[in-house]
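Listing of final_26.pdb; format and content: PDB, C-alpha atoms.
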```pdb
ATOM      1  CA  ASP A   1      21.488 -10.510  -3.041
ATOM      2  CA  ASP A   2      24.293  -8.690  -1.295
ATOM      3  CA  MET A   3      23.616  -5.467  -3.180
ATOM      4  CA  SER A   4      21.780  -2.634  -1.503
ATOM      5  CA  PHE A   5      21.187   0.988  -2.410
ATOM      6  CA  THR A   6      21.326   4.326  -0.706
ATOM      7  CA  LEU A   7      19.583   7.225  -2.384
ATOM      8  CA  ALA A   8      22.922   8.448  -3.727
ATOM      9  CA  THR A   9      24.049   5.090  -5.127
ATOM     10  CA  LEU A  10      20.648   4.345  -6.699
ATOM     11  CA  LYS A  11      20.574   7.715  -8.440
ATOM     12  CA  SER A  12      24.110   7.154  -9.658
ATOM     13  CA  ALA A  13      23.238   3.689 -10.994
ATOM     14  CA  VAL A  14      20.175   4.974 -12.860
ATOM     15  CA  GLN A  15      22.205   7.750 -14.480
ATOM     16  CA  ASP A  16      24.865   5.211 -15.489
ATOM     17  CA  TYR A  17      22.328   2.814 -17.002
ATOM     18  CA  CYS A  18      20.568   5.607 -18.870
ATOM     19  CA  GLU A  19      23.799   7.406 -19.758
ATOM     20  CA  SER A  20      22.211  10.711 -18.863
ATOM     21  CA  ALA A  21      23.126  13.513 -16.483
ATOM     22  CA  GLU A  22      20.788  16.028 -18.133
ATOM     23  CA  THR A  23      19.434  18.515 -15.586
ATOM     24  CA  THR A  24      15.725  17.844 -16.123
ATOM     25  CA  PHE A  25      16.280  14.087 -16.001
ATOM     26  CA  VAL A  26      18.289  14.268 -12.775
ATOM     27  CA  ALA A  27      15.625  16.500 -11.214
ATOM     28  CA  GLU A  28      13.020  13.772 -11.828
ATOM     29  CA  LEU A  29      15.004  10.898 -10.267
ATOM     30  CA  ASP A  30      13.207  11.136  -6.909
ATOM     31  CA  THR A  31       9.867  10.830  -8.697
ATOM     32  CA  PHE A  32      11.046   7.779 -10.650
ATOM     33  CA  ILE A  33      12.165   6.119  -7.413
ATOM     34  CA  GLN A  34       8.879   6.908  -5.637
ATOM     35  CA  GLU A  35       6.879   5.466  -8.535
ATOM     36  CA  ALA A  36       8.975   2.296  -8.451
ATOM     37  CA  GLU A  37       8.496   1.942  -4.689
ATOM     38  CA  GLU A  38       4.744   2.359  -5.103
ATOM     39  CA  ARG A  39       4.604  -0.339  -7.776
ATOM     40  CA  ILE A  40       6.557  -2.779  -5.618
ATOM     41  CA  LEU A  41       4.410  -2.136  -2.563
ATOM     42  CA  LYS A  42       1.179  -2.585  -4.521
ATOM     43  CA  ASN A  43       2.402  -5.807  -6.124
ATOM     44  CA  VAL A  44       3.880  -7.519  -3.084
ATOM     45  CA  SER A  45       2.431  -8.202   0.366
ATOM     46  CA  LEU A  46       5.012  -9.031   3.004
ATOM     47  CA  PRO A  47       4.589  -9.201   6.795
ATOM     48  CA  VAL A  48       7.131  -6.391   7.234
ATOM     49  CA  PHE A  49       4.595  -3.993   5.687
ATOM     50  CA  ARG A  50       1.760  -4.843   8.073
ATOM     51  CA  LYS A  51       0.532  -2.668  10.915
ATOM     52  CA  ASN A  52      -2.252  -2.598  13.481
ATOM     53  CA  VAL A  53      -3.823   0.604  14.704
ATOM     54  CA  THR A  54      -6.841   1.341  16.877
ATOM     55  CA  GLY A  55      -9.245   4.246  16.640
ATOM     56  CA  ASN A  56     -12.780   5.320  17.350
ATOM     57  CA  ALA A  57     -15.721   6.133  15.155
ATOM     58  CA  THR A  58     -17.916   9.155  15.823
ATOM     59  CA  THR A  59     -21.555   8.639  16.801
ATOM     60  CA  GLY A  60     -23.827   9.395  13.854
ATOM     61  CA  PHE A  61     -20.921   9.869  11.428
ATOM     62  CA  PRO A  62     -20.541   7.146   8.746
ATOM     63  CA  TYR A  63     -16.870   7.788   7.973
ATOM     64  CA  LEU A  64     -13.652   6.573   9.604
ATOM     65  CA  ALA A  65     -10.276   8.063   8.677
ATOM     66  CA  THR A  66      -7.536   5.782   7.369
ATOM     67  CA  PRO A  67      -3.958   6.124   8.689
ATOM     68  CA  SER A  68      -1.694   8.521   6.780
ATOM     69  CA  ASP A  69       0.502   5.619   5.576
ATOM     70  CA  PHE A  70      -2.444   3.411   4.535
ATOM     71  CA  LEU A  71      -2.155   1.299   1.375
ATOM     72  CA  ALA A  72      -4.713  -1.500   1.758
ATOM     73  CA  SER A  73      -6.935  -3.115   4.372
ATOM     74  CA  TYR A  74      -6.430  -6.663   5.625
ATOM     75  CA  SER A  75      -9.193  -6.507   8.202
ATOM     76  CA  LEU A  76     -11.211  -4.054  10.261
ATOM     77  CA  ALA A  77     -12.406  -5.246  13.662
ATOM     78  CA  LEU A  78     -15.301  -3.699  15.571
ATOM     79  CA  ILE A  79     -14.666  -3.962  19.319
ATOM     80  CA  ILE A  80     -17.639  -3.861  21.667
ATOM     81  CA  ASP A  81     -17.173  -4.905  25.316
ATOM     82  CA  SER A  82     -13.814  -6.501  24.420
ATOM     83  CA  VAL A  83     -15.504  -8.703  21.788
ATOM     84  CA  TYR A  84     -14.090  -8.526  18.260
ATOM     85  CA  THR A  85     -16.378  -8.830  15.245
ATOM     86  CA  TYR A  86     -15.280  -8.335  11.644
ATOM     87  CA  PRO A  87     -17.406  -6.181   9.334
ATOM     88  CA  LEU A  88     -17.314  -7.390   5.726
ATOM     89  CA  PHE A  89     -15.383  -5.378   3.150
ATOM     90  CA  LYS A  90     -17.679  -4.211   0.338
ATOM     91  CA  HIS A  91     -17.797  -1.701  -2.501
ATOM     92  CA  THR A  92     -19.203   1.742  -1.762
ATOM     93  CA  THR A  93     -22.208   1.065  -4.034
ATOM     94  CA  PHE A  94     -23.156  -1.876  -1.803
ATOM     95  CA  ILE A  95     -22.976   0.372   1.258
ATOM     96  CA  ARG A  96     -25.217   2.975  -0.399
ATOM     97  CA  GLN A  97     -27.769   0.311  -1.288
ATOM     98  CA  TYR A  98     -27.603  -1.318   2.146
ATOM     99  CA  THR A  99     -28.130   1.983   3.980
ATOM    100  CA  PRO A 100     -29.594   4.506   1.533
ATOM    101  CA  ASN A 101     -30.450   6.606   4.582
ATOM    102  CA  ALA A 102     -27.243   7.508   6.455
ATOM    103  CA  ASN A 103     -29.363   8.030   9.581
ATOM    104  CA  THR A 104     -29.661   4.229   9.874
ATOM    105  CA  THR A 105     -27.467   3.503  12.885
ATOM    106  CA  GLY A 106     -26.176   0.436  14.678
ATOM    107  CA  PRO A 107     -23.057  -1.724  15.075
ATOM    108  CA  THR A 108     -20.995  -1.668  11.877
ATOM    109  CA  GLN A 109     -21.578  -4.692   9.638
ATOM    110  CA  TYR A 110     -19.925  -3.519   6.413
ATOM    111  CA  TYR A 111     -17.186  -1.140   5.399
ATOM    112  CA  ALA A 112     -15.821   0.216   2.124
ATOM    113  CA  LEU A 113     -12.904   2.338   1.023
ATOM    114  CA  PHE A 114     -14.619   5.632   0.253
ATOM    115  CA  ASP A 115     -11.411   7.331  -0.881
ATOM    116  CA  ASP A 116      -7.682   7.103  -0.114
ATOM    117  CA  ASN A 117      -8.229   8.737   3.286
ATOM    118  CA  THR A 118     -11.583   7.414   4.454
ATOM    119  CA  PHE A 119     -13.625   4.284   5.145
ATOM    120  CA  LEU A 120     -17.395   4.328   4.755
ATOM    121  CA  LEU A 121     -19.225   2.399   7.493
ATOM    122  CA  ALA A 122     -22.666   0.803   7.477
ATOM    123  CA  PRO A 123     -24.800   1.098   9.429
ATOM    124  CA  THR A 124     -23.707   4.524  10.633
ATOM    125  CA  PRO A 125     -22.149   4.027  14.101
ATOM    126  CA  ALA A 126     -24.692   4.365  16.899
ATOM    127  CA  SER A 127     -21.875   5.007  19.371
ATOM    128  CA  ASP A 128     -18.191   5.974  19.388
ATOM    129  CA  TYR A 129     -17.268   2.388  18.592
ATOM    130  CA  ALA A 130     -13.657   1.248  18.907
ATOM    131  CA  PHE A 131     -12.029  -0.272  15.830
ATOM    132  CA  GLU A 132      -8.789  -2.103  15.170
ATOM    133  CA  LEU A 133      -7.426  -1.912  11.638
ATOM    134  CA  HIS A 134      -4.927  -4.455  10.341
ATOM    135  CA  TYR A 135      -3.470  -2.923   7.216
ATOM    136  CA  LYS A 136      -0.723  -2.725   4.655
ATOM    137  CA  TYR A 137       1.259   0.459   5.068
ATOM    138  CA  ARG A 138       3.499   2.588   2.892
ATOM    139  CA  PRO A 139       6.963   2.833   4.497
ATOM    140  CA  ALA A 140       9.050   5.980   4.204
ATOM    141  CA  SER A 141      10.499   6.443   0.734
ATOM    142  CA  LEU A 142      14.224   6.159   0.088
ATOM    143  CA  THR A 143      13.913   9.702  -1.265
ATOM    144  CA  THR A 144      13.111  10.998   2.230
ATOM    145  CA  THR A 145      16.327   9.599   3.715
ATOM    146  CA  SER A 146      19.801  11.053   3.745
ATOM    147  CA  GLY A 147      21.967  10.090   0.808
ATOM    148  CA  THR A 148      23.789   7.488   2.898
ATOM    149  CA  SER A 149      20.823   5.665   4.488
ATOM    150  CA  THR A 150      18.924   2.633   3.249
ATOM    151  CA  THR A 151      15.332   1.381   3.548
ATOM    152  CA  TRP A 152      13.881  -2.124   3.756
ATOM    153  CA  LEU A 153      13.202  -2.097   0.020
ATOM    154  CA  SER A 154      16.630  -0.770  -0.924
ATOM    155  CA  ASP A 155      18.264  -3.458   1.272
ATOM    156  CA  ASN A 156      15.994  -6.390   0.479
ATOM    157  CA  ALA A 157      14.578  -5.618  -2.971
ATOM    158  CA  PRO A 158      17.388  -3.713  -4.719
ATOM    159  CA  ASP A 159      16.794  -5.343  -8.128
ATOM    160  CA  ALA A 160      13.088  -4.516  -8.092
ATOM    161  CA  LEU A 161      13.827  -0.966  -6.967
ATOM    162  CA  LEU A 162      16.517  -0.464  -9.609
ATOM    163  CA  TYR A 163      14.610  -1.885 -12.545
ATOM    164  CA  GLY A 164      11.343  -0.264 -11.491
ATOM    165  CA  THR A 165      13.127   3.086 -11.394
ATOM    166  CA  LEU A 166      14.747   2.371 -14.764
ATOM    167  CA  VAL A 167      11.334   1.668 -16.324
ATOM    168  CA  GLU A 168      10.213   5.152 -15.305
ATOM    169  CA  ALA A 169      13.532   6.707 -16.356
ATOM    170  CA  ALA A 170      13.562   5.073 -19.799
ATOM    171  CA  THR A 171       9.923   6.047 -20.329
ATOM    172  CA  PHE A 172      10.809   9.653 -19.461
ATOM    173  CA  LEU A 173      13.702   9.549 -21.941
ATOM    174  CA  LYS A 174      11.345   8.130 -24.591
ATOM    175  CA  ASN A 175      13.237   4.853 -24.958
ATOM    176  CA  PRO A 176      10.357   2.346 -25.222
ATOM    177  CA  GLU A 177      12.565  -0.633 -26.108
ATOM    178  CA  GLU A 178      14.753  -0.105 -23.048
ATOM    179  CA  ALA A 179      11.667   0.478 -20.897
ATOM    180  CA  ALA A 180      10.238  -2.863 -22.068
ATOM    181  CA  GLN A 181      13.500  -4.670 -21.226
ATOM    182  CA  TYR A 182      13.594  -3.085 -17.767
ATOM    183  CA  GLU A 183       9.920  -3.949 -17.258
ATOM    184  CA  GLN A 184      10.736  -7.610 -17.848
ATOM    185  CA  ARG A 185      13.584  -7.476 -15.333
ATOM    186  CA  PHE A 186      11.331  -5.640 -12.885
ATOM    187  CA  SER A 187       8.658  -8.344 -13.193
ATOM    188  CA  GLN A 188      11.256 -11.041 -12.529
ATOM    189  CA  ALA A 189      12.528  -9.191  -9.462
ATOM    190  CA  VAL A 190       9.013  -8.720  -8.106
ATOM    191  CA  ALA A 191       8.278 -12.427  -8.617
ATOM    192  CA  SER A 192      11.366 -13.270  -6.571
ATOM    193  CA  LEU A 193      10.321 -10.868  -3.861
ATOM    194  CA  LYS A 194       6.862 -12.437  -3.696
ATOM    195  CA  ALA A 195       8.534 -15.792  -3.110
ATOM    196  CA  LEU A 196       9.814 -14.461   0.224
ATOM    197  CA  GLY A 197       6.337 -14.898   1.596
ATOM    198  CA  GLU A 198       3.480 -13.009   0.009
ATOM    199  CA  GLY A 199       0.425 -12.328   2.128
ATOM    200  CA  TYR A 200      -3.146 -12.165   0.969
ATOM    201  CA  GLY A 201      -2.860  -8.927  -0.988
ATOM    202  CA  SER A 202      -5.459  -6.233  -0.664
ATOM    203  CA  ARG A 203      -8.500  -8.444   0.026
ATOM    204  CA  ASP A 204     -10.020  -8.505   3.463
ATOM    205  CA  GLU A 205      -8.544 -11.209   5.711
ATOM    206  CA  TYR A 206     -10.925 -11.322   8.645
ATOM    207  CA  ARG A 207     -11.504 -15.042   8.117
ATOM    208  CA  TYR A 208      -7.867 -15.805   8.787
ATOM    209  CA  ASP A 209      -7.401 -13.740  11.919
ATOM    210  CA  ILE A 210      -6.710 -15.581  15.153
ATOM    211  CA  ALA A 211      -9.743 -15.395  17.415
ATOM    212  CA  ARG A 212      -9.315 -13.060  20.320
ATOM    213  CA  GLY A 213     -11.415 -12.972  23.386
TER     214      GLY A 213
END
```

Just give me the structure of the file as structure tokens.
Amino acid sequence: DDMSFTLATLKSAVQDYCESAETTFVAELDTFIQEAEERILKNVSLPVFRKNVTGNATTGFPYLATPSDFLASYSLALIIDSVYTYPLFKHTTFIRQYTPNANTTGPTQYYALFDDNTFLLAPTPASDYAFELHYKYRPASLTTTSGTSTTWLSDNAPDALLYGTLVEAATFLKNPEEAAQYEQRFSQAVASLKALGEGYGSRDEYRYDIARG
């Protein structure tokens, strides 16, 4: 697809499709775009949205902060004496049952997403262990750029971005039939984007990592 959008051209296209330049509607366009971007990112896993970051736990503290642009974990590696091991990703209830007493310390064997900003580790780190997180990240929104710049999504997934934004716009304008039509087009665009090479989604991928030593 040779089409791509800047913030200005996407906003203009949405207003043209919806035949609306009403002040309240125009004021919400950034929000519609951000919601569309979020839906695309949560539905599609592409290598371009993968990052690695290293950090350290705190002795006796069972939490580890996620990066500010974190969307989902692919794997979390515990590094001790240059040896990588991969704690298993579990639900927080499993962690609570496994270590009902947070004073239980040792090398991390399990981790869970406690909230959007924090991992919960078990056992509680007995040292300031080093970790390497391989994760899916949220790139900067088109709405944070100048009106003449593009993003990866607006260059490479313009249909998905347009129709996802139109779903939100039509819903705002209380046009359910149009929203349903745009939703169908959005789903088709997302399916095409997935065909570019979808990864493993939000499940933990430690089993597929290349061994390092």

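Once the PyMOL selection byres ((chain A and resi 139-145) around 8) is applied to the depicted file, the selected set reads Thr6, Leu7, Asp30, Ile33, Gln34, Glu37, Phe49, Asp69, Tyr137, Arg138, Ser146, Gly147, Thr148, Ser149, Thr150, Thr151 and Ser154 of chain A.
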
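Distances here use all atoms listed in the file; by that measure, the residue among A:Leu29, A:Pro123, A:Asn117, A:Tyr84 closest to Gln15 in chain A is A:Leu29.
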
### Message
Set the distance at 12 Å and use all atoms listed in the file: which residues neighbour Thr24 in chain A once local chain neighbours fewer than 6 positions away are removed? I'd like the list as a PyMOL selection string.
### Response
chain A and resi 30-31+169+172-173

Restricting to all atoms listed in the file, whichever of A:Val167, A:Ala77, A:Leu120, A:Ala72 is closest to Lys42 in chain A is A:Ala72

Residues matched by the PyMOL selection byres ((chain A and resi 113) around 10) as a ChimeraX atom specification: /A:63-66,72-73,89-92,111-112,114-121

Would you write out, as a list in words, every residue that the PyMOL selection byres ((chain A and resi 54) around 7) captures in this file? Asn52, Val53, Gly55, Phe131, Glu132 and Leu133 of chain A

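Between CA of Ile79 in chain A and CA of Asn101 in chain A the separation is 24.0 Å.
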
If you count all atoms listed in the file, the residue of A:Thr165, A:Ser82, A:Gln97, A:Gln109 closest to Ser12 in chain A turns out to be A:Thr165

Original post:
If we count only C-alpha atoms, what is near Tyr86 in chain A at a cut-off of 9 Å, once residues fewer than 6 positions away on the same chain are taken out, given as a VMD selection string?
Top reply: chain A and resid 75 to 79 108 to 110 206 to 207

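Taking CA of Phe25 in chain A as the reference point, CA of Ala179 in chain A is found at 15.2 Å.
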
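CA of Phe70 in chain A is positioned 9.3 Å from CA of Lys51 in chain A.
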
Nearby residues (all atoms listed in the file) at most 6 Å from range 184-198 of chain A, same-chain spacing under 3 positions excluded, as a VMD selection string: chain A and resid 44 to 46 159 to 160 163 to 164 181

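Polymer residues near (-26.5, 1.6, 10.9): counting all atoms listed in the file with a cut-off of 6 Å, they are A:Thr104, A:Thr105, A:Gly106, A:Ala122, A:Pro123, A:Thr124, A:Pro125.
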
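Across A:Tyr182, A:Ile80, A:Lys174, A:His134, the tightest approach to Pro67 in chain A is made by A:His134 when counting only C-alpha atoms.
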
Neighbouring residues of Thr58 in chain A were defined as those with any atom within 7 Å, considering all atoms listed in the file; residues of the same chain fewer than 3 positions away were excluded. Please report them as a short mmCIF file (atom, residue, chain, number, x, y, z; two decimals) with C-alpha atoms, in the frame of the given file.
```
data_model
loop_
_atom_site.label_atom_id
_atom_site.label_comp_id
_atom_site.auth_asym_id
_atom_site.auth_seq_id
_atom_site.Cartn_x
_atom_site.Cartn_y
_atom_site.Cartn_z
CA PHE A 61 -20.92 9.87 11.43
CA PRO A 125 -22.15 4.03 14.10
CA SER A 127 -21.88 5.01 19.37
CA ASP A 128 -18.19 5.97 19.39
#
```

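In terms of minimum interatomic distance to Ala130 in chain A, A:Ala57 ranks closest within A:Ala13, A:Ala57, A:Val48, A:Val26, counting all atoms listed in the file.
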
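Of the listed residues (A:Met3, A:Leu162, A:Ser20, A:Thr9), A:Leu162 comes nearest to Ile40 in chain A; the distances count all atoms listed in the file.
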
Centre and edge lengths of an axis-aligned box around all listed atoms of range 132-140 of chain A, with 5 Å added on each side, are to be given in Å to one decimal, as AutoDock Vina command-line options.
```
--center_x 0.1 --center_y 0.8 --center_z 9.0 --size_x 27.8 --size_y 20.4 --size_z 22.3
```
